[in-house]
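Raw contents of start_26.cif, mmCIF, C-alpha atoms:
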```
data_input
loop_
_atom_site.label_atom_id
_atom_site.label_comp_id
_atom_site.auth_asym_id
_atom_site.auth_seq_id
_atom_site.Cartn_x
_atom_site.Cartn_y
_atom_site.Cartn_z
CA MET A 1356 -7.64 -34.09 -25.11
CA VAL A 1357 -11.09 -35.46 -24.25
CA SER A 1358 -11.11 -33.90 -20.80
CA ALA A 1359 -9.90 -30.59 -22.23
CA TYR A 1360 -12.71 -30.67 -24.73
CA ILE A 1361 -15.32 -31.41 -22.08
CA GLY A 1362 -13.89 -28.75 -19.81
CA THR A 1363 -14.05 -26.13 -22.52
CA SER A 1364 -17.53 -26.94 -23.72
CA SER A 1365 -19.23 -27.39 -20.35
CA ASN A 1366 -17.51 -24.44 -18.64
CA PRO A 1367 -17.61 -21.36 -20.84
CA PRO A 1368 -15.14 -18.87 -19.33
CA ARG A 1369 -17.61 -16.25 -18.15
CA LYS A 1370 -20.15 -18.57 -16.52
CA ASN A 1371 -17.31 -20.41 -14.86
CA MET A 1372 -15.84 -17.16 -13.57
CA SER A 1373 -19.08 -15.85 -12.12
CA ARG A 1374 -19.70 -19.19 -10.38
CA LYS A 1375 -16.22 -18.97 -8.89
CA GLU A 1376 -16.85 -15.42 -7.70
CA ASP A 1377 -20.13 -16.48 -6.09
CA ASP A 1378 -18.31 -19.36 -4.37
CA ASN A 1379 -15.58 -16.99 -3.19
CA LYS A 1380 -18.21 -14.65 -1.73
CA ARG A 1381 -19.79 -17.55 0.14
CA THR A 1382 -16.39 -18.53 1.53
CA VAL A 1383 -15.70 -14.97 2.68
CA GLY A 1384 -19.24 -14.67 4.09
CA GLN A 1385 -18.60 -17.76 6.24
CA TRP A 1386 -15.23 -16.41 7.31
CA PHE A 1387 -16.62 -13.03 8.34
CA ASP A 1388 -19.41 -14.78 10.23
CA ARG A 1389 -17.39 -17.34 12.15
CA PHE A 1390 -14.05 -15.53 12.52
CA TRP A 1391 -15.13 -11.90 12.91
CA GLY A 1392 -18.79 -12.26 13.95
CA PRO A 1393 -20.25 -12.21 17.47
CA ARG A 1394 -19.65 -15.95 17.97
CA TYR A 1395 -16.06 -16.96 17.21
CA ASP A 1396 -15.65 -20.52 15.97
CA PRO A 1397 -11.92 -21.41 15.91
CA SER A 1398 -12.58 -24.42 13.66
CA VAL A 1399 -13.29 -21.96 10.83
CA VAL A 1400 -9.55 -21.34 10.59
CA ASP A 1401 -8.85 -25.02 9.79
CA ALA A 1402 -11.89 -25.18 7.51
CA ILE A 1403 -11.38 -22.05 5.40
CA ALA A 1404 -7.93 -20.50 5.92
CA ALA A 1405 -5.10 -21.69 3.68
CA PRO A 1406 -2.28 -23.19 5.79
CA ASP A 1407 0.00 -20.21 5.16
CA MET A 1408 -2.73 -17.54 5.12
CA LEU A 1409 -1.59 -13.94 5.63
CA LEU A 1410 -3.77 -11.77 7.89
CA HIS A 1411 -2.81 -8.10 7.84
CA TYR A 1412 -4.77 -5.15 9.28
CA SER A 1413 -3.44 -1.64 9.65
CA LEU A 1414 -3.95 -1.63 13.46
CA HIS A 1415 -2.05 -4.87 14.05
CA ALA A 1416 1.20 -6.60 13.10
CA PRO A 1417 0.75 -9.10 10.23
CA ARG A 1418 0.04 -12.75 11.13
CA ARG A 1419 0.84 -15.81 9.03
CA GLY A 1420 -0.50 -19.38 9.22
CA ASN A 1421 -3.34 -21.09 11.07
CA ALA A 1422 -1.73 -21.22 14.53
CA ASP A 1423 -0.67 -17.56 14.42
CA ILE A 1424 -4.10 -16.47 13.19
CA LYS A 1425 -5.88 -18.44 15.93
CA ALA A 1426 -3.55 -16.89 18.52
CA PHE A 1427 -4.37 -13.42 17.18
CA MET A 1428 -8.11 -13.92 17.50
CA GLY A 1429 -7.86 -15.74 20.83
CA ASP A 1430 -5.97 -12.80 22.35
CA PHE A 1431 -8.27 -10.24 20.72
CA ARG A 1432 -11.38 -11.93 22.18
CA ARG A 1433 -9.82 -12.41 25.63
CA ALA A 1434 -9.34 -8.64 25.76
CA PHE A 1435 -12.66 -7.75 24.06
CA PRO A 1436 -15.08 -10.60 24.95
CA ASP A 1437 -18.00 -8.98 23.06
CA LEU A 1438 -15.92 -8.38 19.90
CA ALA A 1439 -18.13 -8.49 16.81
CA PHE A 1440 -17.80 -7.19 13.27
CA GLY A 1441 -20.42 -7.44 10.53
CA GLY A 1442 -20.92 -6.51 6.90
CA ALA A 1443 -21.74 -2.86 6.17
CA ALA A 1444 -22.40 -3.33 2.44
CA GLU A 1445 -22.60 -6.11 -0.11
CA LEU A 1446 -19.41 -8.02 -0.92
CA ILE A 1447 -17.65 -7.15 -4.20
CA ALA A 1448 -15.92 -9.95 -6.12
CA GLU A 1449 -13.70 -10.13 -9.18
CA GLY A 1450 -11.54 -13.11 -10.06
CA ASP A 1451 -9.74 -14.38 -6.95
CA TYR A 1452 -10.54 -11.24 -4.94
CA VAL A 1453 -13.41 -10.40 -2.63
CA VAL A 1454 -13.80 -6.96 -1.04
CA GLY A 1455 -15.73 -6.56 2.20
CA ARG A 1456 -16.81 -3.37 3.96
CA TRP A 1457 -17.58 -3.84 7.63
CA VAL A 1458 -18.34 -2.14 10.93
CA GLY A 1459 -17.98 -3.34 14.50
CA GLY A 1460 -15.88 -3.36 17.62
CA GLY A 1461 -16.14 -4.30 21.26
CA THR A 1462 -15.59 -3.29 24.86
CA HIS A 1463 -12.29 -3.88 26.59
CA THR A 1464 -13.53 -5.68 29.70
CA GLY A 1465 -10.98 -8.52 29.56
CA ALA A 1466 -7.25 -9.16 29.60
CA ALA A 1467 -4.48 -6.65 28.98
CA PHE A 1468 -3.91 -6.24 25.24
CA ASP A 1469 -0.66 -5.37 23.54
CA ASP A 1470 -1.44 -6.31 19.95
CA MET A 1471 -2.26 -2.78 18.74
CA LEU A 1472 0.76 -1.30 16.97
CA ALA A 1473 -0.02 2.07 18.60
CA GLY A 1474 0.51 0.78 22.15
CA PRO A 1475 -0.65 -1.54 24.97
CA LEU A 1476 -3.84 -1.49 27.03
CA PRO A 1477 -3.77 -2.58 30.70
CA ALA A 1478 -6.48 -5.10 31.69
CA ALA A 1479 -10.15 -4.11 31.69
CA THR A 1480 -9.95 -0.43 30.73
CA GLY A 1481 -13.69 -0.51 30.03
CA ARG A 1482 -13.06 1.44 26.82
CA LYS A 1483 -15.29 0.80 23.86
CA MET A 1484 -14.26 0.89 20.19
CA ARG A 1485 -16.58 0.94 17.18
CA PHE A 1486 -15.15 1.59 13.75
CA THR A 1487 -15.39 0.77 10.06
CA GLY A 1488 -13.00 -0.85 7.62
CA THR A 1489 -12.50 -2.27 4.16
CA THR A 1490 -10.80 -5.61 3.53
CA VAL A 1491 -9.52 -7.27 0.36
CA LEU A 1492 -9.34 -11.08 0.54
CA LYS A 1493 -7.79 -13.45 -1.96
CA VAL A 1494 -9.40 -16.89 -2.33
CA ILE A 1495 -7.75 -19.83 -4.10
CA ASP A 1496 -9.49 -23.22 -4.39
CA GLY A 1497 -12.01 -22.31 -1.70
CA ARG A 1498 -9.36 -21.25 0.83
CA ILE A 1499 -8.50 -17.74 1.96
CA VAL A 1500 -4.83 -17.15 1.25
CA GLU A 1501 -4.67 -13.45 2.07
CA GLU A 1502 -6.75 -10.95 4.05
CA ILE A 1503 -5.47 -7.38 3.92
CA GLY A 1504 -7.59 -4.77 5.63
CA LEU A 1505 -7.65 -1.11 6.43
CA ASP A 1506 -9.20 -0.13 9.76
CA ASP A 1507 -10.43 3.36 10.57
CA GLY A 1508 -7.59 3.36 13.05
CA VAL A 1509 -7.90 7.03 14.01
CA THR A 1510 -11.42 6.37 15.33
CA ALA A 1511 -10.57 3.09 17.06
CA LEU A 1512 -7.35 4.25 18.73
CA ALA A 1513 -8.84 7.57 19.84
CA GLN A 1514 -11.74 5.67 21.45
CA LEU A 1515 -9.26 3.40 23.23
CA GLY A 1516 -7.23 6.37 24.46
CA LEU A 1517 -4.16 5.27 22.48
CA LEU A 1518 -3.96 8.44 20.36
CA ARG A 1519 -3.58 12.06 21.38
CA MET A 1520 -3.95 15.22 19.34
CA GLY A 1521 -0.82 17.16 18.49
CA ALA A 1522 2.88 16.53 18.01
CA PRO A 1523 5.09 14.40 20.27
CA VAL A 1524 6.45 16.33 23.25
CA MET B 145 -2.86 6.17 -13.07
CA SER B 146 -3.70 5.50 -16.69
CA ALA B 147 -4.63 2.24 -18.35
CA ALA B 148 -0.94 1.42 -18.19
CA SER B 149 -1.07 1.15 -14.41
CA LEU B 150 -3.88 -1.38 -14.66
CA ARG B 151 -1.67 -3.85 -16.46
CA GLY B 152 -0.40 -5.81 -13.48
CA GLY B 153 -2.23 -9.10 -13.06
CA HIS B 154 -4.04 -9.06 -16.39
CA SER B 155 -3.52 -11.18 -19.47
CA PRO B 156 -2.24 -9.50 -22.64
CA GLN B 157 -5.73 -9.83 -24.11
CA ARG B 158 -7.29 -8.11 -21.09
CA ARG B 159 -4.65 -5.40 -21.23
CA ARG B 160 -5.65 -4.60 -24.79
CA VAL B 161 -9.31 -4.41 -23.73
CA LEU B 162 -8.47 -2.03 -20.90
CA GLN B 163 -6.25 0.10 -23.09
CA SER B 164 -8.78 0.37 -25.88
CA ALA B 165 -11.51 1.23 -23.36
CA GLY B 166 -9.30 3.98 -21.97
CA ILE B 167 -8.54 5.40 -25.39
CA ALA B 168 -12.19 5.21 -26.47
CA MET B 169 -13.26 7.05 -23.32
CA ALA B 170 -11.01 10.00 -23.93
CA GLY B 171 -13.00 10.93 -27.03
CA LEU B 172 -16.49 10.34 -25.67
CA GLY B 173 -16.88 13.49 -23.62
CA THR B 174 -19.99 13.76 -21.52
CA VAL B 175 -21.75 10.60 -22.67
CA GLY B 176 -19.00 8.23 -21.59
CA ILE B 177 -18.41 4.65 -22.58
CA GLY B 178 -19.83 3.49 -19.24
CA GLY B 179 -23.24 4.83 -20.21
CA ARG B 180 -23.17 3.02 -23.51
CA ALA B 181 -22.08 -0.25 -21.93
CA GLN B 182 -24.80 0.04 -19.32
CA ALA B 183 -27.42 0.58 -21.98
CA ALA B 184 -26.40 -2.81 -23.35
CA GLY B 185 -27.80 -4.32 -20.13
CA PRO B 186 -26.75 -7.20 -17.92
CA ALA B 187 -26.16 -9.50 -20.92
CA ASN B 188 -22.63 -8.08 -21.08
CA PRO B 189 -21.49 -7.29 -17.53
CA THR B 190 -17.81 -7.66 -18.31
CA ALA B 191 -17.86 -4.79 -20.83
CA LEU B 192 -19.56 -2.56 -18.26
CA GLU B 193 -17.03 -3.43 -15.60
CA THR B 194 -14.14 -2.84 -17.99
CA ALA B 195 -15.57 0.55 -18.95
CA ASN B 196 -16.11 1.46 -15.30
CA LYS B 197 -12.49 0.58 -14.52
CA ALA B 198 -11.28 2.77 -17.37
CA LEU B 199 -13.41 5.64 -16.05
CA VAL B 200 -11.99 5.25 -12.54
CA ALA B 201 -8.45 4.99 -13.91
CA ARG B 202 -9.00 8.29 -15.72
CA TRP B 203 -10.34 9.84 -12.50
CA PHE B 204 -7.44 8.59 -10.37
CA ASP B 205 -5.03 9.94 -12.96
CA GLY B 206 -6.55 13.40 -13.46
CA PHE B 207 -7.88 14.03 -9.96
CA TRP B 208 -5.46 12.17 -7.66
CA GLY B 209 -2.38 11.79 -9.86
CA SER B 210 0.80 13.84 -9.99
CA THR B 211 -0.64 16.16 -12.64
CA TRP B 212 -3.91 17.74 -11.49
CA ASP B 213 -6.41 18.25 -14.29
CA PRO B 214 -9.49 20.15 -13.00
CA ALA B 215 -11.32 19.40 -16.28
CA VAL B 216 -11.58 15.76 -15.23
CA ILE B 217 -14.33 16.77 -12.77
CA ALA B 218 -16.77 17.94 -15.46
CA ALA B 219 -15.84 14.97 -17.65
CA VAL B 220 -16.02 12.15 -15.10
CA ALA B 221 -17.82 13.23 -11.88
CA ALA B 222 -21.62 13.14 -11.67
CA PRO B 223 -23.05 16.60 -10.81
CA ASP B 224 -23.97 15.51 -7.28
CA MET B 225 -21.01 13.19 -6.70
CA LEU B 226 -20.20 12.33 -3.07
CA LEU B 227 -16.51 12.30 -2.12
CA GLN B 228 -15.80 10.88 1.33
CA TYR B 229 -12.47 9.90 2.88
CA SER B 230 -11.87 9.05 6.52
CA LEU B 231 -9.37 11.90 7.00
CA HIS B 232 -11.66 14.62 5.64
CA ALA B 233 -15.22 15.89 5.92
CA PRO B 234 -17.44 14.59 3.08
CA ARG B 235 -17.82 16.77 -0.05
CA ARG B 236 -20.78 16.82 -2.41
CA GLY B 237 -21.05 18.16 -5.95
CA ARG B 238 -18.51 19.31 -8.53
CA ASP B 239 -17.78 22.76 -7.07
CA ASP B 240 -17.27 21.38 -3.59
CA ILE B 241 -15.05 18.58 -4.89
CA ARG B 242 -13.00 21.01 -6.96
CA ALA B 243 -12.56 23.29 -3.93
CA PHE B 244 -11.42 20.28 -1.87
CA MET B 245 -8.68 19.36 -4.32
CA GLU B 246 -7.59 22.98 -4.95
CA ASP B 247 -7.10 23.50 -1.20
CA PHE B 248 -5.36 20.14 -0.82
CA ARG B 249 -2.90 20.96 -3.64
CA ALA B 250 -2.39 24.55 -2.47
CA ALA B 251 -1.10 23.05 0.79
CA PHE B 252 0.68 20.02 -0.73
CA PRO B 253 1.87 21.14 -4.22
CA ASP B 254 3.52 17.77 -4.97
CA LEU B 255 0.45 15.75 -3.94
CA ALA B 256 0.25 12.48 -5.90
CA PHE B 257 -1.52 9.17 -5.37
CA ALA B 258 -1.34 6.12 -7.63
CA ALA B 259 -2.62 2.56 -7.82
CA SER B 260 -0.82 -0.03 -5.72
CA ALA B 261 -2.77 -2.99 -7.22
CA PRO B 262 -5.03 -3.62 -10.22
CA LEU B 263 -8.55 -2.20 -9.95
CA LEU B 264 -11.34 -4.65 -9.08
CA ALA B 265 -14.88 -4.27 -10.44
CA GLN B 266 -18.25 -5.87 -9.99
CA GLY B 267 -21.46 -4.40 -11.34
CA ASP B 268 -21.45 -0.64 -10.80
CA LEU B 269 -18.69 -0.75 -8.16
CA VAL B 270 -14.94 -0.35 -8.64
CA VAL B 271 -12.38 -0.87 -5.87
CA GLY B 272 -9.00 0.86 -5.97
CA ARG B 273 -6.01 0.30 -3.71
CA TRP B 274 -3.55 3.16 -3.75
CA ILE B 275 -0.51 4.75 -2.18
CA GLY B 276 0.83 8.28 -2.19
CA GLY B 277 1.07 11.56 -0.36
CA GLY B 278 2.97 14.83 -0.54
CA THR B 279 5.01 17.43 1.31
CA HIS B 280 3.37 20.35 3.04
CA THR B 281 5.32 23.22 1.49
CA GLY B 282 2.28 25.38 0.70
CA ALA B 283 -0.65 27.11 2.38
CA ALA B 284 -2.05 26.44 5.83
CA PHE B 285 -4.41 23.45 5.76
CA SER B 286 -7.45 22.96 7.94
CA ASP B 287 -9.31 20.24 6.09
CA PHE B 288 -8.17 17.29 8.20
CA LEU B 289 -10.87 16.39 10.69
CA VAL B 290 -8.40 16.09 13.58
CA GLY B 291 -6.65 19.46 13.31
CA SER B 292 -4.94 22.19 11.29
CA LEU B 293 -1.47 22.70 9.85
CA PRO B 294 0.10 26.18 9.79
CA ALA B 295 1.61 27.17 6.41
CA ARG B 296 4.70 25.31 5.20
CA SER B 297 5.19 22.84 8.03
CA GLY B 298 7.56 20.99 5.68
CA ARG B 299 6.16 17.65 6.82
CA THR B 300 5.81 14.77 4.37
CA MET B 301 2.98 12.23 4.44
CA ARG B 302 3.00 8.94 2.57
CA PHE B 303 0.24 6.44 3.21
CA HIS B 304 -2.05 3.94 1.54
CA GLY B 305 -5.76 3.42 1.30
CA THR B 306 -8.64 1.55 -0.28
CA THR B 307 -11.49 3.26 -2.12
CA VAL B 308 -14.85 2.01 -3.37
CA LEU B 309 -16.36 4.01 -6.23
CA ARG B 310 -19.84 3.71 -7.70
CA VAL B 311 -20.39 4.46 -11.38
CA ALA B 312 -23.76 5.20 -12.97
CA LYS B 313 -24.34 6.12 -16.60
CA GLY B 314 -20.67 6.68 -17.25
CA ARG B 315 -20.10 9.05 -14.31
CA ILE B 316 -18.70 8.55 -10.83
CA VAL B 317 -21.54 9.13 -8.36
CA GLU B 318 -19.78 8.10 -5.16
CA GLU B 319 -16.20 7.72 -3.95
CA ILE B 320 -15.84 6.42 -0.40
CA GLY B 321 -12.35 5.73 0.82
CA LEU B 322 -10.46 4.66 3.86
CA ASP B 323 -7.07 6.28 4.44
CA ASP B 324 -4.39 4.84 6.69
CA GLY B 325 -5.03 7.91 8.77
CA VAL B 326 -2.91 6.90 11.75
CA THR B 327 0.17 6.85 9.53
CA ALA B 328 -0.64 10.11 7.71
CA LEU B 329 -1.60 12.13 10.77
CA ARG B 330 1.39 10.96 12.79
CA GLN B 331 3.70 11.93 9.95
CA LEU B 332 2.09 15.38 9.89
CA GLY B 333 2.41 15.74 13.66
CA LEU B 334 -1.36 16.00 14.09
CA LEU B 335 -1.60 12.83 16.18
CA ARG B 336 0.73 11.03 18.49
CA THR B 337 0.45 7.72 20.28
CA ALA B 338 -0.45 8.05 23.94
#
```
Produce structure tokens that represent the structure in this file.
Amino acid sequence: MVSAYIGTSSNPPRKNMSRKEDDNKRTVGQWFDRFWGPRYDPSVVDAIAAPDMLLHYSLHAPRRGNADIKAFMGDFRRAFPDLAFGGAAELIAEGDYVVGRWVGGGTHTGAAFDDMLAGPLPAATGRKMRFTGTTVLKVIDGRIVEEIGLDDGVTALAQLGLLRMGAPV
Amino acid sequence: MSAASLRGGHSPQRRRVLQSAGIAMAGLGTVGIGGRAQAAGPANPTALETANKALVARWFDGFWGSTWDPAVIAAVAAPDMLLQYSLHAPRRGRDDIRAFMEDFRAAFPDLAFAASAPLLAQGDLVVGRWIGGGTHTGAAFSDFLVGSLPARSGRTMRFHGTTVLRVAKGRIVEEIGLDDGVTALRQLGLLRTA
């Protein structure tokens, strides 16, 4: 009862909530920086991702768990060595959720890449993609448990030569 | 997408707040509860965010929902509102936004989008995640950036998206959304994978 009393009196609900939302924004800021930014730091996955984190973007098949998520980014960067995404607007946070709007891309100067749902790229096509997106992340106890994003896939896939106008022949 | 569709993920107490905000808004006409909450200042940010969510819920319902209510534009949209989705050219102002939706519904008479998750709000921003679509049984449609559909192609699109809306003084001033365009345009036969 004593701890409940202290918890209630020293952490009024609204102050507590806004502190949590600020913390969640910091966590997501670090994640965007070290996972999606120009310099990939694989240790960020162990530091910030929940063990069973779900990573799901509209261009790619969903990934689950630290090893799978590291494999995703390792492959992505081997194909696009200059891959870099950055914030396009301020983060939005409510409760466990943080929403990020971003822009970025890279040039396909590296390995063949078959992780796009739309189709594979042979090695070093030299094609460049630059596109925007919006991502909703869920943060629990300082760890990202879920990252679900929408890419402007029409722009990205057209730039990569993976989309054509018109109906299938 | 009324207050009812906001219920998922909220406590019963929060549900009542959202519902009462929605009901209060319906009677406020051009002033809007958002404007009143904003006048109260940053001392009460939660009330502002709740009012903004109710405004956006009303917009999603009347503008994007299964029953199109053109009157929602005068009631909810700021006079110079910007409407921008990745599939379409941007529209600005009430007349332009009304023309956009009239054309869209003339082509897709059963057009309907609805929330797929509770709205999120911080400050003057509201984020909506949605799903929906329609069947092209109506007029020819040339508003997609990538190409045109001849009348009555009979094709059905169903896709999801995420939208960020900005509210000022009880009106929506900006609605910027990302569609899962690859899905929609492939379903409509306007794009194919290489």
Write down, as a PyMOL selection string, each residue of chain B that has any atom within 8 Å of an atom of chain A, counting all atoms listed in the file.
-> chain B and resi 230+264-266+269+271+290-291+305-306+322-326+330+333-338
Which residues fall under the PyMOL selection byres ((chain B and resi 203-218) around 6) in this file, as number ranges by chain?
-> B: 145-146, 200-202, 219-221, 256-257
CA of Met1408 in chain A to CA of Asp1377 in chain A: how many Å, to one decimal?
->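 Separation of CA of Met1408 in chain A and CA of Asp1377 in chain A: 20.7 Å.
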Do you have the CA of His232 in chain B-CA of Phe288 in chain B distance handy?
->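 Taking CA of His232 in chain B as the start and CA of Phe288 in chain B as the end point, the length is 5.1 Å.
Picture a line from CA of Glu1445 in chain A to CA of Val1458 in chain A; it runs 12.5 Å.
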Care to translate the PyMOL selection byres ((chain B and resi 331) around 7) into actual residues of this file, as a list in words?
->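 When the PyMOL selection byres ((chain B and resi 331) around 7) is applied to the shown file, the picked residues are Arg299, Thr300, Met301, Thr327, Ala328, Leu329, Arg330, Leu332 and Gly333 of chain B.
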Export, as a short mmCIF file (atom, residue, chain, number, x, y, z; two decimals), keeping the file's coordinate frame, the selected residues with C-alpha atoms.
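Output file result-v9.cif is given in full below:
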```
data_model
loop_
_atom_site.label_atom_id
_atom_site.label_comp_id
_atom_site.auth_asym_id
_atom_site.auth_seq_id
_atom_site.Cartn_x
_atom_site.Cartn_y
_atom_site.Cartn_z
CA ARG B 299 6.16 17.65 6.82
CA THR B 300 5.81 14.77 4.37
CA MET B 301 2.98 12.23 4.44
CA THR B 327 0.17 6.85 9.53
CA ALA B 328 -0.64 10.11 7.71
CA LEU B 329 -1.60 12.13 10.77
CA ARG B 330 1.39 10.96 12.79
CA LEU B 332 2.09 15.38 9.89
CA GLY B 333 2.41 15.74 13.66
#
```
Between A:Arg1485, A:Arg1419, A:Arg1498, A:Arg1374, which is the closest to Leu1438 in chain A once you count all atoms listed in the file?
->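 Between A:Arg1485, A:Arg1419, A:Arg1498, A:Arg1374, the residue approaching Leu1438 in chain A most closely is A:Arg1485.
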Give me the residues within 9 Å of Arg1432 in chain A as a ChimeraX atom specification, counting only C-alpha atoms and dropping any in the same chain fewer than 5 places off.
-> /A:1395,1427,1437-1438,1465-1466
Picked residues, the PyMOL selection byres ((chain B and resi 246-249) around 9), expected as a CSV table (one decimal) with C-alpha atoms, in the coordinates of the input:
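As written to disk, out.csv reads:
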```csv
chain,number,residue,atom,x,y,z
B,212,TRP,CA,-3.9,17.7,-11.5
B,214,PRO,CA,-9.5,20.2,-13.0
B,241,ILE,CA,-15.0,18.6,-4.9
B,242,ARG,CA,-13.0,21.0,-7.0
B,243,ALA,CA,-12.6,23.3,-3.9
B,244,PHE,CA,-11.4,20.3,-1.9
B,245,MET,CA,-8.7,19.4,-4.3
B,250,ALA,CA,-2.4,24.6,-2.5
B,251,ALA,CA,-1.1,23.0,0.8
B,252,PHE,CA,0.7,20.0,-0.7
B,253,PRO,CA,1.9,21.1,-4.2
B,254,ASP,CA,3.5,17.8,-5.0
B,255,LEU,CA,0.4,15.8,-3.9
B,282,GLY,CA,2.3,25.4,0.7
B,283,ALA,CA,-0.6,27.1,2.4
B,285,PHE,CA,-4.4,23.4,5.8
B,287,ASP,CA,-9.3,20.2,6.1
```
Determine the nearest neighbour of Ala259 in chain B from the options B:Leu231, B:Ile316, B:Met225, B:Thr307, counting only C-alpha atoms.
->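 Nearest to Ala259 in chain B: B:Thr307.
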Shell of 12 Å around Ile1403 in chain A, all atoms listed in the file, local chain residues under 4 positions omitted, as a JSON list (two decimals) with C-alpha atoms, in the frame of the given file:
```
[["chain", "number", "residue", "atom", "x", "y", "z"],
["A", 1379, "ASN", "CA", -15.58, -16.99, -3.19],
["A", 1381, "ARG", "CA", -19.79, -17.55, 0.14],
["A", 1382, "THR", "CA", -16.39, -18.53, 1.53],
["A", 1383, "VAL", "CA", -15.70, -14.97, 2.68],
["A", 1384, "GLY", "CA", -19.24, -14.67, 4.09],
["A", 1385, "GLN", "CA", -18.60, -17.76, 6.24],
["A", 1386, "TRP", "CA", -15.23, -16.41, 7.31],
["A", 1387, "PHE", "CA", -16.62, -13.03, 8.34],
["A", 1388, "ASP", "CA", -19.41, -14.78, 10.23],
["A", 1389, "ARG", "CA", -17.39, -17.34, 12.15],
["A", 1390, "PHE", "CA", -14.05, -15.53, 12.52],
["A", 1396, "ASP", "CA", -15.65, -20.52, 15.97],
["A", 1397, "PRO", "CA", -11.92, -21.41, 15.91],
["A", 1398, "SER", "CA", -12.58, -24.42, 13.66],
["A", 1399, "VAL", "CA", -13.29, -21.96, 10.83],
["A", 1407, "ASP", "CA", 0.00, -20.21, 5.16],
["A", 1408, "MET", "CA", -2.73, -17.54, 5.12],
["A", 1420, "GLY", "CA", -0.50, -19.38, 9.22],
["A", 1421, "ASN", "CA", -3.34, -21.09, 11.07],
["A", 1493, "LYS", "CA", -7.79, -13.45, -1.96],
["A", 1494, "VAL", "CA", -9.40, -16.89, -2.33],
["A", 1495, "ILE", "CA", -7.75, -19.83, -4.10],
["A", 1496, "ASP", "CA", -9.49, -23.22, -4.39],
["A", 1497, "GLY", "CA", -12.01, -22.31, -1.70],
["A", 1498, "ARG", "CA", -9.36, -21.25, 0.83],
["A", 1499, "ILE", "CA", -8.50, -17.74, 1.96],
["A", 1500, "VAL", "CA", -4.83, -17.15, 1.25],
["A", 1501, "GLU", "CA", -4.67, -13.45, 2.07]]
```
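Among the candidate residues B:Val270, B:Ala295, B:Ala284, B:Ile320, the one lying nearest to Lys197 in chain B is B:Val270, with distances computed using all atoms listed in the file.
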